[in-house]
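Here the structure is laid out as structure tokens; the discussion comes afterwards.
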Amino acid sequence: MPARHATPTERSRGVPSERLGGLVTGIAEVVAGEEQATDSALVTLLADAGLGEDAAALDLARQWLALLTGVRQSAEAARALGFGALVMAGLPEADARRAVETVAGGAAAGAPAPLSVAVERLDLGAAAAGEPARGTFQVSGGPGRILPGDPRLVVTPAQFGPGPTQVQIEVAGLPGAVLLTSLQLVTPAEVADVPVFARWTAAGVAAPAASVRDGIPAATPAAPVAPPANRIVVRTVLVIARVVGFPRALALQRAIEQIPGVVETKAAGFEHSVLNLHVQHDAMVNLAEEIAHLSGFPLTITNSSLGRLQLALEGR
């Protein structure tokens with residue numbers, strides 16, 4: 001018969017309780033402090049507790065480390081779920097956070113990891129009529145919950161963290177429509193909004209072909225573009241820094257006017273090398289992408305939100 005390995009309980013029998021208490025206290029402090037619990041760290045804890053450095057004692061420490069790590073992660077997930085549920089019920093975020101921390105004992109369960117989102121905005125592209133629009137992005141931190149700003153948004157998974165989580169967004173086909181909404185990513189300590197933009201062609205009209213990028217020619221449209229009567233026009237505010245001189249500002253405005261799908265640009269102000277433009281454009285146009293590839297004007301997007309882009313002009 002194969003040899004039976006002793007359980008953690010059996011291994012701990014005969015060991016003075018104060019030594020076991022010292023070991024579990026040390027492991028708990030490591031888990032609560034989010035320190036890297038290597039075997040060398042566990043050996044140090046065993047020595048401090050007077051338990052030696054044999055393989056059986058180290059295995060016991062590893063199992064207790066796994067147990068306490070699971071307890072901590074479960075507590076964090078429960079806090080995040082409770083906070084998200086209260087916010088969804090209409091409670092102000094400050095009140096929801098206070099209620100959860102009161103029940104969970106404040107920061108005793110461990111502070112959430114900082115929230116980090118890989119995208120500033122999510123453009124789901126131009127989809128054909130009746131086809132769903134999809135997109136993905138990565139988020140880490142928390143743990144937390146994702147609250148869609150529109151009930152038509154399907155978010156998978158709806159919870160994330162604390163490690164990196166790949167999130168998928170899908171919206172059912174809305175022929176001839178445009179969706180402008182946002183996702184709210186909520187943790188017990190932070191809230192972030194990610195704008196979401198999607199559009200669909202009208203029934204019987206093909207989605208516009210992609211423009212030339214990285215030397216790859218655009219595909220030939222399978223059908224003519226939608227007539228003006230079907231056009232949906234939206235407005236985006238551009239705030240462009242480092243525009244030196246009025247001639248350069250005027251040339252930039254005219255270059256943006258030449259972007260296919262742009263209907264009108266109006267200068268709302270130009271001072272201290274900052275140009276403000278109000279751009280009316282076809283909703284099917286990804287203005288952020290078009291501006292990032294504008295010939296002769298190396299522009300960098302510094303901030304992005306729904307209906308607003310902040311950019312900086314590099315060079316002269």
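So you can find residues: chains in the structure tokens are A, B, ... in the order shown, residues in each start at 1, and ligands are numbered from 1 in order.
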Find the residues around Leu124 of chain A up to 6 Å (only C-alpha atoms counted), leave out those fewer than 3 positions away in its own chain, and share them as a short mmCIF file (atom, residue, chain, number, x, y, z; two decimals) with N, CA and C atoms, in the first residue's frame.
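What ended up in selection.cif:
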```
data_model
loop_
_atom_site.label_atom_id
_atom_site.label_comp_id
_atom_site.auth_asym_id
_atom_site.auth_seq_id
_atom_site.Cartn_x
_atom_site.Cartn_y
_atom_site.Cartn_z
N ALA A 133 -21.82 44.31 -32.00
CA ALA A 133 -20.54 45.00 -31.91
C ALA A 133 -19.82 44.46 -30.67
N ARG A 134 -18.52 44.18 -30.83
CA ARG A 134 -17.76 43.56 -29.74
C ARG A 134 -16.44 44.27 -29.52
N GLY A 135 -15.93 44.16 -28.31
CA GLY A 135 -14.63 44.71 -27.97
C GLY A 135 -14.12 44.08 -26.70
N ALA A 198 -20.12 52.83 -30.29
CA ALA A 198 -20.38 51.83 -31.34
C ALA A 198 -21.39 52.40 -32.32
#
```
Inset, instruction - Find the residues near Ala288 of chain A: any atom within 10 Å, counting only C-alpha atoms, skip ones fewer than 3 places away on the same chain, and give them as a PyMOL selection string. - result: chain A and resi 121+123+236+238+285+291-293+300-301+304+308-311
Inset, instruction - Identify, on the basis of only C-alpha atoms, every residue whose closest approach to Pro143 of chain A does not exceed 10 Å; exclude the query and any residue fewer than 3 positions from it along the same chain; express the result as a PyMOL selection string. - result: chain A and resi 73+76-81+111-115+140+159-163+186-189
Same residues, N, CA, C and O atoms, saved as an mmCIF file, in the first residue's frame:
```
data_model
loop_
_atom_site.group_PDB
_atom_site.id
_atom_site.type_symbol
_atom_site.label_atom_id
_atom_site.label_comp_id
_atom_site.auth_asym_id
_atom_site.auth_seq_id
_atom_site.Cartn_x
_atom_site.Cartn_y
_atom_site.Cartn_z
ATOM 1 N N GLN A 73 -8.639 36.650 0.108
ATOM 2 C CA GLN A 73 -9.236 36.937 -1.200
ATOM 3 C C GLN A 73 -10.755 36.842 -1.141
ATOM 4 O O GLN A 73 -11.458 37.628 -1.773
ATOM 5 N N GLU A 76 -12.072 40.049 0.413
ATOM 6 C CA GLU A 76 -12.010 41.187 -0.504
ATOM 7 C C GLU A 76 -13.113 41.102 -1.550
ATOM 8 O O GLU A 76 -13.755 42.109 -1.887
ATOM 9 N N ALA A 77 -13.343 39.894 -2.082
ATOM 10 C CA ALA A 77 -14.389 39.724 -3.085
ATOM 11 C C ALA A 77 -15.763 40.049 -2.495
ATOM 12 O O ALA A 77 -16.607 40.679 -3.140
ATOM 13 N N ALA A 78 -15.990 39.615 -1.247
ATOM 14 C CA ALA A 78 -17.273 39.889 -0.606
ATOM 15 C C ALA A 78 -17.471 41.390 -0.404
ATOM 16 O O ALA A 78 -18.570 41.922 -0.602
ATOM 17 N N ARG A 79 -16.425 42.101 -0.029
ATOM 18 C CA ARG A 79 -16.517 43.555 0.138
ATOM 19 C C ARG A 79 -16.857 44.229 -1.187
ATOM 20 O O ARG A 79 -17.710 45.121 -1.256
ATOM 21 N N ALA A 80 -16.179 43.796 -2.269
ATOM 22 C CA ALA A 80 -16.426 44.405 -3.578
ATOM 23 C C ALA A 80 -17.844 44.141 -4.059
ATOM 24 O O ALA A 80 -18.515 45.021 -4.602
ATOM 25 N N LEU A 81 -18.327 42.911 -3.855
ATOM 26 C CA LEU A 81 -19.681 42.579 -4.284
ATOM 27 C C LEU A 81 -20.719 43.379 -3.497
ATOM 28 O O LEU A 81 -21.695 43.883 -4.058
ATOM 29 N N ALA A 111 -6.386 46.416 2.017
ATOM 30 C CA ALA A 111 -6.747 47.471 1.079
ATOM 31 C C ALA A 111 -6.796 46.914 -0.338
ATOM 32 O O ALA A 111 -5.994 46.052 -0.703
ATOM 33 N N PRO A 112 -7.748 47.372 -1.158
ATOM 34 C CA PRO A 112 -7.813 46.892 -2.542
ATOM 35 C C PRO A 112 -6.619 47.381 -3.340
ATOM 36 O O PRO A 112 -6.039 48.435 -3.040
ATOM 37 N N ALA A 113 -6.252 46.610 -4.347
ATOM 38 C CA ALA A 113 -5.150 47.006 -5.225
ATOM 39 C C ALA A 113 -5.575 48.196 -6.080
ATOM 40 O O ALA A 113 -6.754 48.360 -6.391
ATOM 41 N N PRO A 114 -4.625 49.064 -6.473
ATOM 42 C CA PRO A 114 -4.958 50.234 -7.305
ATOM 43 C C PRO A 114 -5.614 49.804 -8.619
ATOM 44 O O PRO A 114 -5.223 48.817 -9.229
ATOM 45 N N LEU A 115 -6.602 50.578 -9.038
ATOM 46 C CA LEU A 115 -7.337 50.282 -10.267
ATOM 47 C C LEU A 115 -6.523 50.709 -11.477
ATOM 48 O O LEU A 115 -6.011 51.828 -11.536
ATOM 49 N N SER A 140 -7.159 45.631 -14.048
ATOM 50 C CA SER A 140 -6.616 44.979 -12.861
ATOM 51 C C SER A 140 -6.843 45.887 -11.666
ATOM 52 O O SER A 140 -7.132 47.074 -11.803
ATOM 53 N N GLN A 159 -17.258 41.006 -12.861
ATOM 54 C CA GLN A 159 -16.377 41.258 -11.717
ATOM 55 C C GLN A 159 -14.939 41.083 -12.164
ATOM 56 O O GLN A 159 -14.654 40.346 -13.107
ATOM 57 N N PHE A 160 -13.998 41.734 -11.471
ATOM 58 C CA PHE A 160 -12.600 41.655 -11.858
ATOM 59 C C PHE A 160 -11.706 41.726 -10.631
ATOM 60 O O PHE A 160 -12.140 42.079 -9.541
ATOM 61 N N GLY A 161 -10.434 41.422 -10.845
ATOM 62 C CA GLY A 161 -9.380 41.627 -9.900
ATOM 63 C C GLY A 161 -9.240 40.568 -8.824
ATOM 64 O O GLY A 161 -10.022 39.635 -8.752
ATOM 65 N N PRO A 162 -8.211 40.778 -7.987
ATOM 66 C CA PRO A 162 -7.264 41.885 -8.070
ATOM 67 C C PRO A 162 -6.221 41.746 -9.179
ATOM 68 O O PRO A 162 -5.552 42.702 -9.525
ATOM 69 N N GLY A 163 -6.060 40.543 -9.722
ATOM 70 C CA GLY A 163 -5.115 40.372 -10.815
ATOM 71 C C GLY A 163 -5.693 40.825 -12.138
ATOM 72 O O GLY A 163 -6.851 41.238 -12.228
ATOM 73 N N VAL A 186 -15.875 49.891 -10.584
ATOM 74 C CA VAL A 186 -16.006 50.291 -9.186
ATOM 75 C C VAL A 186 -15.243 49.322 -8.290
ATOM 76 O O VAL A 186 -15.415 48.100 -8.381
ATOM 77 N N THR A 187 -14.359 49.853 -7.428
ATOM 78 C CA THR A 187 -13.730 49.080 -6.364
ATOM 79 C C THR A 187 -14.074 49.772 -5.044
ATOM 80 O O THR A 187 -14.610 50.888 -5.049
ATOM 81 N N PRO A 188 -13.771 49.157 -3.915
ATOM 82 C CA PRO A 188 -14.056 49.834 -2.641
ATOM 83 C C PRO A 188 -13.328 51.157 -2.467
ATOM 84 O O PRO A 188 -13.705 51.953 -1.611
ATOM 85 N N ALA A 189 -12.285 51.420 -3.271
ATOM 86 C CA ALA A 189 -11.510 52.651 -3.094
ATOM 87 C C ALA A 189 -11.561 53.595 -4.285
ATOM 88 O O ALA A 189 -11.273 54.776 -4.149
#
```
Inset, instruction - Would you kindly return, as a PyMOL selection string, each protein, DNA or RNA residue with an atom no farther than 10 Å from any atom of Thr165 of chain A, considering only C-alpha atoms and excluding same-chain residues fewer than 6 positions away? - result: chain A and resi 117+137-141+157+159
Inset, instruction - Determine, counting only C-alpha atoms, which protein, DNA and RNA residues have an atom within 12 Å of an atom of Ala55 of chain A; residues of the same chain fewer than 4 positions away are not included. Present the result as a count of residues only. - result: 10
